[in-house]
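Pasting coords08.pdb here (PDB, C-alpha atoms, pLDDT in the B column):
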```
ATOM      1  CA  MET A   1      31.765   8.019 -47.743  1.00 81.00           C
ATOM      2  CA  LYS A   2      33.561   7.982 -51.072  1.00 86.00           C
ATOM      3  CA  ASP A   3      35.175  11.084 -52.590  1.00 92.00           C
ATOM      4  CA  GLY A   4      33.649  13.352 -49.946  1.00 92.00           C
ATOM      5  CA  LYS A   5      30.039  12.730 -50.998  1.00 94.00           C
ATOM      6  CA  LYS A   6      28.409  13.030 -47.604  1.00 96.00           C
ATOM      7  CA  SER A   7      24.849  13.433 -48.903  1.00 95.00           C
ATOM      8  CA  THR A   8      25.119  10.213 -50.918  1.00 95.00           C
ATOM      9  CA  ALA A   9      26.606   8.344 -47.949  1.00 95.00           C
ATOM     10  CA  ARG A  10      23.884   9.669 -45.650  1.00 96.00           C
ATOM     11  CA  LYS A  11      21.156   8.546 -48.088  1.00 97.00           C
ATOM     12  CA  VAL A  12      22.676   5.050 -48.325  1.00 96.00           C
ATOM     13  CA  VAL A  13      22.816   4.699 -44.524  1.00 96.00           C
ATOM     14  CA  TYR A  14      19.250   5.928 -43.958  1.00 96.00           C
ATOM     15  CA  ASP A  15      17.929   3.673 -46.737  1.00 97.00           C
ATOM     16  CA  ALA A  16      19.855   0.773 -45.174  1.00 96.00           C
ATOM     17  CA  PHE A  17      18.217   1.528 -41.803  1.00 96.00           C
ATOM     18  CA  ASP A  18      14.799   1.467 -43.493  1.00 95.00           C
ATOM     19  CA  ALA A  19      15.662  -1.879 -45.104  1.00 95.00           C
ATOM     20  CA  ILE A  20      16.827  -3.260 -41.733  1.00 95.00           C
ATOM     21  CA  GLN A  21      13.543  -2.192 -40.156  1.00 94.00           C
ATOM     22  CA  GLU A  22      11.572  -3.972 -42.889  1.00 94.00           C
ATOM     23  CA  LYS A  23      13.641  -7.170 -42.749  1.00 93.00           C
ATOM     24  CA  THR A  24      13.782  -7.500 -38.954  1.00 90.00           C
ATOM     25  CA  LYS A  25      10.111  -6.572 -38.427  1.00 84.00           C
ATOM     26  CA  ALA A  26       9.736  -3.564 -36.114  1.00 68.00           C
ATOM     27  CA  GLU A  27      13.159  -3.890 -34.502  1.00 77.00           C
ATOM     28  CA  ASN A  28      15.019  -0.614 -33.959  1.00 90.00           C
ATOM     29  CA  PRO A  29      17.610  -0.400 -36.779  1.00 93.00           C
ATOM     30  CA  VAL A  30      20.011   1.636 -34.627  1.00 94.00           C
ATOM     31  CA  GLU A  31      20.174  -1.239 -32.115  1.00 94.00           C
ATOM     32  CA  VAL A  32      20.973  -3.669 -34.950  1.00 94.00           C
ATOM     33  CA  PHE A  33      23.700  -1.276 -36.126  1.00 95.00           C
ATOM     34  CA  GLU A  34      25.233  -0.946 -32.640  1.00 95.00           C
ATOM     35  CA  THR A  35      25.118  -4.717 -32.098  1.00 95.00           C
ATOM     36  CA  ALA A  36      26.805  -5.282 -35.465  1.00 95.00           C
ATOM     37  CA  ILE A  37      29.610  -2.808 -34.648  1.00 96.00           C
ATOM     38  CA  ARG A  38      30.105  -4.423 -31.227  1.00 96.00           C
ATOM     39  CA  ASN A  39      30.227  -7.932 -32.748  1.00 96.00           C
ATOM     40  CA  VAL A  40      32.665  -7.064 -35.544  1.00 96.00           C
ATOM     41  CA  GLY A  41      35.184  -5.103 -33.444  1.00 96.00           C
ATOM     42  CA  PRO A  42      38.293  -7.272 -32.829  1.00 96.00           C
ATOM     43  CA  ALA A  43      39.834  -7.722 -29.378  1.00 95.00           C
ATOM     44  CA  MET A  44      43.326  -8.612 -30.675  1.00 94.00           C
ATOM     45  CA  GLU A  45      45.271  -7.867 -33.849  1.00 94.00           C
ATOM     46  CA  ILE A  46      48.782  -8.478 -35.101  1.00 93.00           C
ATOM     47  CA  ARG A  47      51.348  -5.776 -35.813  1.00 92.00           C
ATOM     48  CA  SER A  48      54.702  -6.287 -37.517  1.00 93.00           C
ATOM     49  CA  ARG A  49      57.761  -5.659 -35.353  1.00 91.00           C
ATOM     50  CA  ARG A  50      61.333  -5.753 -36.626  1.00 91.00           C
ATOM     51  CA  VAL A  51      63.733  -7.315 -34.128  1.00 89.00           C
ATOM     52  CA  GLY A  52      67.327  -8.117 -35.057  1.00 91.00           C
ATOM     53  CA  GLY A  53      66.762  -8.230 -38.810  1.00 92.00           C
ATOM     54  CA  ALA A  54      63.658 -10.426 -38.631  1.00 93.00           C
ATOM     55  CA  ASN A  55      60.022  -9.349 -38.801  1.00 92.00           C
ATOM     56  CA  TYR A  56      57.684 -10.830 -36.197  1.00 91.00           C
ATOM     57  CA  GLN A  57      53.909 -10.709 -36.150  1.00 91.00           C
ATOM     58  CA  VAL A  58      53.266  -9.522 -32.595  1.00 92.00           C
ATOM     59  CA  PRO A  59      49.720  -9.819 -31.174  1.00 93.00           C
ATOM     60  CA  ARG A  60      48.397  -6.656 -29.540  1.00 93.00           C
ATOM     61  CA  GLU A  61      45.167  -5.586 -27.887  1.00 94.00           C
ATOM     62  CA  VAL A  62      43.062  -3.170 -29.906  1.00 95.00           C
ATOM     63  CA  ARG A  63      42.194   0.256 -28.496  1.00 96.00           C
ATOM     64  CA  PRO A  64      38.431   1.045 -28.450  1.00 95.00           C
ATOM     65  CA  GLU A  65      38.709   3.791 -31.095  1.00 97.00           C
ATOM     66  CA  ARG A  66      40.590   1.497 -33.483  1.00 96.00           C
ATOM     67  CA  LYS A  67      38.187  -1.362 -32.729  1.00 96.00           C
ATOM     68  CA  GLN A  68      35.285   0.815 -33.885  1.00 97.00           C
ATOM     69  CA  ALA A  69      37.169   2.065 -36.951  1.00 96.00           C
ATOM     70  CA  LEU A  70      38.073  -1.489 -37.995  1.00 96.00           C
ATOM     71  CA  ALA A  71      34.473  -2.606 -37.511  1.00 97.00           C
ATOM     72  CA  PHE A  72      33.198   0.198 -39.777  1.00 96.00           C
ATOM     73  CA  ARG A  73      35.861  -0.549 -42.380  1.00 96.00           C
ATOM     74  CA  TRP A  74      35.245  -4.326 -42.442  1.00 96.00           C
ATOM     75  CA  ILE A  75      31.463  -3.967 -42.668  1.00 97.00           C
ATOM     76  CA  LEU A  76      31.786  -1.512 -45.564  1.00 95.00           C
ATOM     77  CA  LEU A  77      34.321  -3.736 -47.348  1.00 95.00           C
ATOM     78  CA  ALA A  78      32.022  -6.733 -46.986  1.00 95.00           C
ATOM     79  CA  ALA A  79      29.035  -4.736 -48.255  1.00 95.00           C
ATOM     80  CA  ARG A  80      30.986  -3.357 -51.228  1.00 94.00           C
ATOM     81  CA  GLY A  81      32.107  -6.875 -52.108  1.00 92.00           C
ATOM     82  CA  GLY A  82      28.586  -7.998 -53.017  1.00 84.00           C
ATOM     83  CA  LYS A  83      27.437  -7.577 -56.601  1.00 88.00           C
ATOM     84  CA  GLY A  84      24.121  -6.986 -58.286  1.00 92.00           C
ATOM     85  CA  LYS A  85      22.215  -5.127 -55.552  1.00 94.00           C
ATOM     86  CA  PRO A  86      22.005  -1.473 -54.532  1.00 95.00           C
ATOM     87  CA  MET A  87      24.490  -0.435 -51.851  1.00 95.00           C
ATOM     88  CA  HIS A  88      21.845   0.233 -49.191  1.00 96.00           C
ATOM     89  CA  ILE A  89      20.515  -3.344 -49.526  1.00 96.00           C
ATOM     90  CA  LYS A  90      24.020  -4.822 -49.354  1.00 96.00           C
ATOM     91  CA  LEU A  91      24.826  -2.685 -46.306  1.00 96.00           C
ATOM     92  CA  ALA A  92      21.577  -3.665 -44.582  1.00 96.00           C
ATOM     93  CA  ASP A  93      22.222  -7.364 -45.252  1.00 95.00           C
ATOM     94  CA  GLU A  94      25.771  -7.142 -43.905  1.00 96.00           C
ATOM     95  CA  LEU A  95      24.663  -5.257 -40.771  1.00 96.00           C
ATOM     96  CA  ILE A  96      21.954  -7.834 -40.060  1.00 95.00           C
ATOM     97  CA  ALA A  97      24.441 -10.669 -40.627  1.00 95.00           C
ATOM     98  CA  ALA A  98      27.015  -9.011 -38.340  1.00 96.00           C
ATOM     99  CA  ALA A  99      24.390  -8.489 -35.635  1.00 94.00           C
ATOM    100  CA  ASN A 100      23.692 -12.252 -35.850  1.00 95.00           C
ATOM    101  CA  ASN A 101      27.437 -13.100 -35.707  1.00 95.00           C
ATOM    102  CA  THR A 102      27.582 -14.285 -39.313  1.00 95.00           C
ATOM    103  CA  GLY A 103      28.779 -12.750 -42.564  1.00 93.00           C
ATOM    104  CA  SER A 104      32.036 -11.650 -44.162  1.00 95.00           C
ATOM    105  CA  ALA A 105      32.907  -8.996 -41.575  1.00 95.00           C
ATOM    106  CA  ILE A 106      32.646 -11.532 -38.736  1.00 96.00           C
ATOM    107  CA  LYS A 107      34.814 -13.942 -40.737  1.00 96.00           C
ATOM    108  CA  LYS A 108      37.443 -11.201 -41.080  1.00 96.00           C
ATOM    109  CA  LYS A 109      37.352 -10.636 -37.304  1.00 96.00           C
ATOM    110  CA  GLU A 110      37.746 -14.361 -36.615  1.00 96.00           C
ATOM    111  CA  ASP A 111      40.663 -14.614 -39.068  1.00 96.00           C
ATOM    112  CA  THR A 112      42.391 -11.703 -37.327  1.00 95.00           C
ATOM    113  CA  LEU A 113      41.837 -13.285 -33.911  1.00 95.00           C
ATOM    114  CA  ARG A 114      43.112 -16.655 -35.190  1.00 95.00           C
ATOM    115  CA  MET A 115      46.293 -14.991 -36.499  1.00 94.00           C
ATOM    116  CA  ALA A 116      46.841 -13.278 -33.140  1.00 93.00           C
ATOM    117  CA  GLU A 117      46.354 -16.582 -31.303  1.00 92.00           C
ATOM    118  CA  SER A 118      48.795 -18.441 -33.552  1.00 92.00           C
ATOM    119  CA  ASN A 119      51.473 -15.771 -33.024  1.00 90.00           C
ATOM    120  CA  LYS A 120      51.175 -15.657 -29.237  1.00 87.00           C
ATOM    121  CA  ALA A 121      54.739 -16.990 -28.957  1.00 89.00           C
ATOM    122  CA  PHE A 122      55.987 -13.568 -30.087  1.00 88.00           C
ATOM    123  CA  ALA A 123      53.989 -11.596 -27.507  1.00 88.00           C
ATOM    124  CA  HIS A 124      57.175 -10.888 -25.532  1.00 88.00           C
ATOM    125  CA  PHE A 125      58.273  -8.606 -28.417  1.00 85.00           C
ATOM    126  CA  ALA A 126      55.359  -6.233 -27.724  1.00 79.00           C
ATOM    127  CA  TRP A 127      56.382  -2.642 -27.139  1.00 71.00           C
TER
END
```
Write-out of the structure in structure tokens:
Amino acid sequence: MKDGKKSTARKVVYDAFDAIQEKTKAENPVEVFETAIRNVGPAMEIRSRRVGGANYQVPREVRPERKQALAFRWILLAARGGKGKPMHIKLADELIAAANNTGSAIKKKEDTLRMAESNKAFAHFAW
């Protein structure tokens, strides 16, 4: 939702669900949506921690509420990044891609996980 326009956001989401139903042929669009959110949610992330004048990127597990919020945010960012199509089509395409473990949102999740893995040496700084 941008600028508090709930009716516009609701219309985009429902139109995206209709587009998902057309593209996936009789599959329940809510299941595709739930699968996409589950696939995009990260298990680990990095947080900055200042220790003795130096900043360390400390890997942390992600709480379920934050995992869902990040998944929503990344899917919307990926959908907004596309050009030339209506928002509901871009959102539908990104949700289908995320449900199939492809797309920009999944790439963002993998990059985050890769960063957490590479900074595992600083895990002892976790608070």
(message) On this structure, the PyMOL selection byres ((chain A and resi 60) around 10) would catch which residues? List them as a list of chain:residue names, sorted by chain and number.
(response)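 Evaluating the PyMOL selection byres ((chain A and resi 60) around 10) on these coordinates yields A:Ala43, A:Met44, A:Glu45, A:Ile46, A:Arg47, A:Gln57, A:Val58, A:Pro59, A:Glu61, A:Val62, A:Arg63, A:Ala116, A:Lys120, A:Ala123, A:Ala126, A:Trp127.
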Taking (27.8, -13.2, -36.6) in the coordinates of the supplied file, I want to know which residues reach to within 9 Å of it, counting all atoms listed in the file; could you give the answer as a tab-separated table (two decimals) with C-alpha atoms, in the frame of the given file?
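Written file, out.tsv:
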```
chain	number	residue	atom	x	y	z
A	36	ALA	CA	26.80	-5.28	-35.47
A	39	ASN	CA	30.23	-7.93	-32.75
A	40	VAL	CA	32.66	-7.06	-35.54
A	96	ILE	CA	21.95	-7.83	-40.06
A	97	ALA	CA	24.44	-10.67	-40.63
A	98	ALA	CA	27.02	-9.01	-38.34
A	99	ALA	CA	24.39	-8.49	-35.64
A	100	ASN	CA	23.69	-12.25	-35.85
A	101	ASN	CA	27.44	-13.10	-35.71
A	102	THR	CA	27.58	-14.28	-39.31
A	103	GLY	CA	28.78	-12.75	-42.56
A	104	SER	CA	32.04	-11.65	-44.16
A	105	ALA	CA	32.91	-9.00	-41.58
A	106	ILE	CA	32.65	-11.53	-38.74
A	107	LYS	CA	34.81	-13.94	-40.74
```
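The space between CA of Phe17 (chain A) and CA of Pro29 (chain A) spans 5.4 Å.
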(message) Could you list, as number ranges by chain, every residue matched by the PyMOL selection byres ((chain A and resi 71) around 8) in this structure?
(response) A: 37-38, 40-42, 67-70, 72-75, 105
(message) Report, in Å with one decimal, the straight-line distance from CA of Leu91 (chain A) to CA of Ala79 (chain A).
(response)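 Value for the CA of Leu91 (chain A)-CA of Ala79 (chain A) distance: 5.1 Å.
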(request) Could you expand the PyMOL selection byres ((chain A and resi 23) around 12) into the explicit residues it covers here, written as a list in words? (result)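 Expected selection for the PyMOL selection byres ((chain A and resi 23) around 12) here is Ala16, Phe17, Asp18, Ala19, Ile20, Gln21, Glu22, Thr24, Lys25, Ala26, Glu27, Asn28, Pro29, Val32, Ile89, Ala92, Asp93, Leu95, Ile96 and Ala97 of chain A.
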(request) Might you pull out every residue within 9 Å of Phe125 (chain A), with all atoms listed in the file counted and same-chain residues fewer than 4 positions away left off, and present them as a ChimeraX atom specification? (result) /A:49,51,56,58
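Between CA of Pro64 (chain A) and CA of Thr8 (chain A) lies a distance of 27.7 Å.
Across A:Glu94, A:Ser48, A:Pro86, A:Leu76, the tightest approach to Lys2 (chain A) is made by A:Leu76 when counting only C-alpha atoms.
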(message) With distances taken over only C-alpha atoms, which residue among A:Arg66, A:Lys108, A:Arg50, A:His88 lies nearest Lys11 (chain A)?
(response) A:His88
To test the calculation: enclose all listed atoms of region 65-78 of chain A in a box whose edges run along x, y and z, add 5 Å on each side, then state centre and edge lengths in Å to one decimal, as JSON.
```
{"center_x": 36.0, "center_y": -1.5, "center_z": -39.2, "size_x": 19.1, "size_y": 20.5, "size_z": 26.3}
```
Take region 66-80 of chain A, model N, CA and C atoms, and hand the result over as a PDB file, in the frame of the given file.
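Full text of part_7.pdb as output:
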```pdb
ATOM      1  N   ARG A  66      40.166   2.287 -32.318  1.00 96.00           N
ATOM      2  CA  ARG A  66      40.590   1.497 -33.483  1.00 96.00           C
ATOM      3  C   ARG A  66      39.637   0.333 -33.709  1.00 96.00           C
ATOM      4  N   LYS A  67      39.144  -0.258 -32.617  1.00 96.00           N
ATOM      5  CA  LYS A  67      38.187  -1.362 -32.729  1.00 96.00           C
ATOM      6  C   LYS A  67      36.955  -0.908 -33.512  1.00 96.00           C
ATOM      7  N   GLN A  68      36.454   0.277 -33.195  1.00 97.00           N
ATOM      8  CA  GLN A  68      35.285   0.815 -33.885  1.00 97.00           C
ATOM      9  C   GLN A  68      35.614   1.138 -35.347  1.00 97.00           C
ATOM     10  N   ALA A  69      36.771   1.728 -35.587  1.00 96.00           N
ATOM     11  CA  ALA A  69      37.169   2.065 -36.951  1.00 96.00           C
ATOM     12  C   ALA A  69      37.323   0.809 -37.810  1.00 96.00           C
ATOM     13  N   LEU A  70      37.928  -0.231 -37.252  1.00 96.00           N
ATOM     14  CA  LEU A  70      38.073  -1.489 -37.995  1.00 96.00           C
ATOM     15  C   LEU A  70      36.714  -2.116 -38.280  1.00 96.00           C
ATOM     16  N   ALA A  71      35.809  -2.046 -37.307  1.00 97.00           N
ATOM     17  CA  ALA A  71      34.473  -2.606 -37.511  1.00 97.00           C
ATOM     18  C   ALA A  71      33.758  -1.896 -38.658  1.00 97.00           C
ATOM     19  N   PHE A  72      33.801  -0.562 -38.669  1.00 96.00           N
ATOM     20  CA  PHE A  72      33.198   0.198 -39.777  1.00 96.00           C
ATOM     21  C   PHE A  72      33.806  -0.216 -41.111  1.00 96.00           C
ATOM     22  N   ARG A  73      35.141  -0.252 -41.142  1.00 96.00           N
ATOM     23  CA  ARG A  73      35.861  -0.549 -42.380  1.00 96.00           C
ATOM     24  C   ARG A  73      35.522  -1.942 -42.904  1.00 96.00           C
ATOM     25  N   TRP A  74      35.506  -2.947 -42.018  1.00 96.00           N
ATOM     26  CA  TRP A  74      35.245  -4.326 -42.442  1.00 96.00           C
ATOM     27  C   TRP A  74      33.810  -4.510 -42.911  1.00 96.00           C
ATOM     28  N   ILE A  75      32.863  -3.853 -42.238  1.00 97.00           N
ATOM     29  CA  ILE A  75      31.463  -3.967 -42.668  1.00 97.00           C
ATOM     30  C   ILE A  75      31.290  -3.335 -44.043  1.00 97.00           C
ATOM     31  N   LEU A  76      31.889  -2.159 -44.253  1.00 95.00           N
ATOM     32  CA  LEU A  76      31.786  -1.512 -45.564  1.00 95.00           C
ATOM     33  C   LEU A  76      32.468  -2.332 -46.658  1.00 95.00           C
ATOM     34  N   LEU A  77      33.637  -2.892 -46.359  1.00 95.00           N
ATOM     35  CA  LEU A  77      34.321  -3.736 -47.348  1.00 95.00           C
ATOM     36  C   LEU A  77      33.480  -4.947 -47.718  1.00 95.00           C
ATOM     37  N   ALA A  78      32.860  -5.571 -46.720  1.00 95.00           N
ATOM     38  CA  ALA A  78      32.022  -6.733 -46.986  1.00 95.00           C
ATOM     39  C   ALA A  78      30.802  -6.338 -47.812  1.00 95.00           C
ATOM     40  N   ALA A  79      30.214  -5.182 -47.509  1.00 95.00           N
ATOM     41  CA  ALA A  79      29.035  -4.736 -48.255  1.00 95.00           C
ATOM     42  C   ALA A  79      29.410  -4.372 -49.689  1.00 95.00           C
ATOM     43  N   ARG A  80      30.562  -3.722 -49.877  1.00 94.00           N
ATOM     44  CA  ARG A  80      30.986  -3.357 -51.228  1.00 94.00           C
ATOM     45  C   ARG A  80      31.349  -4.572 -52.057  1.00 94.00           C
TER      46      ARG A  80
END
```
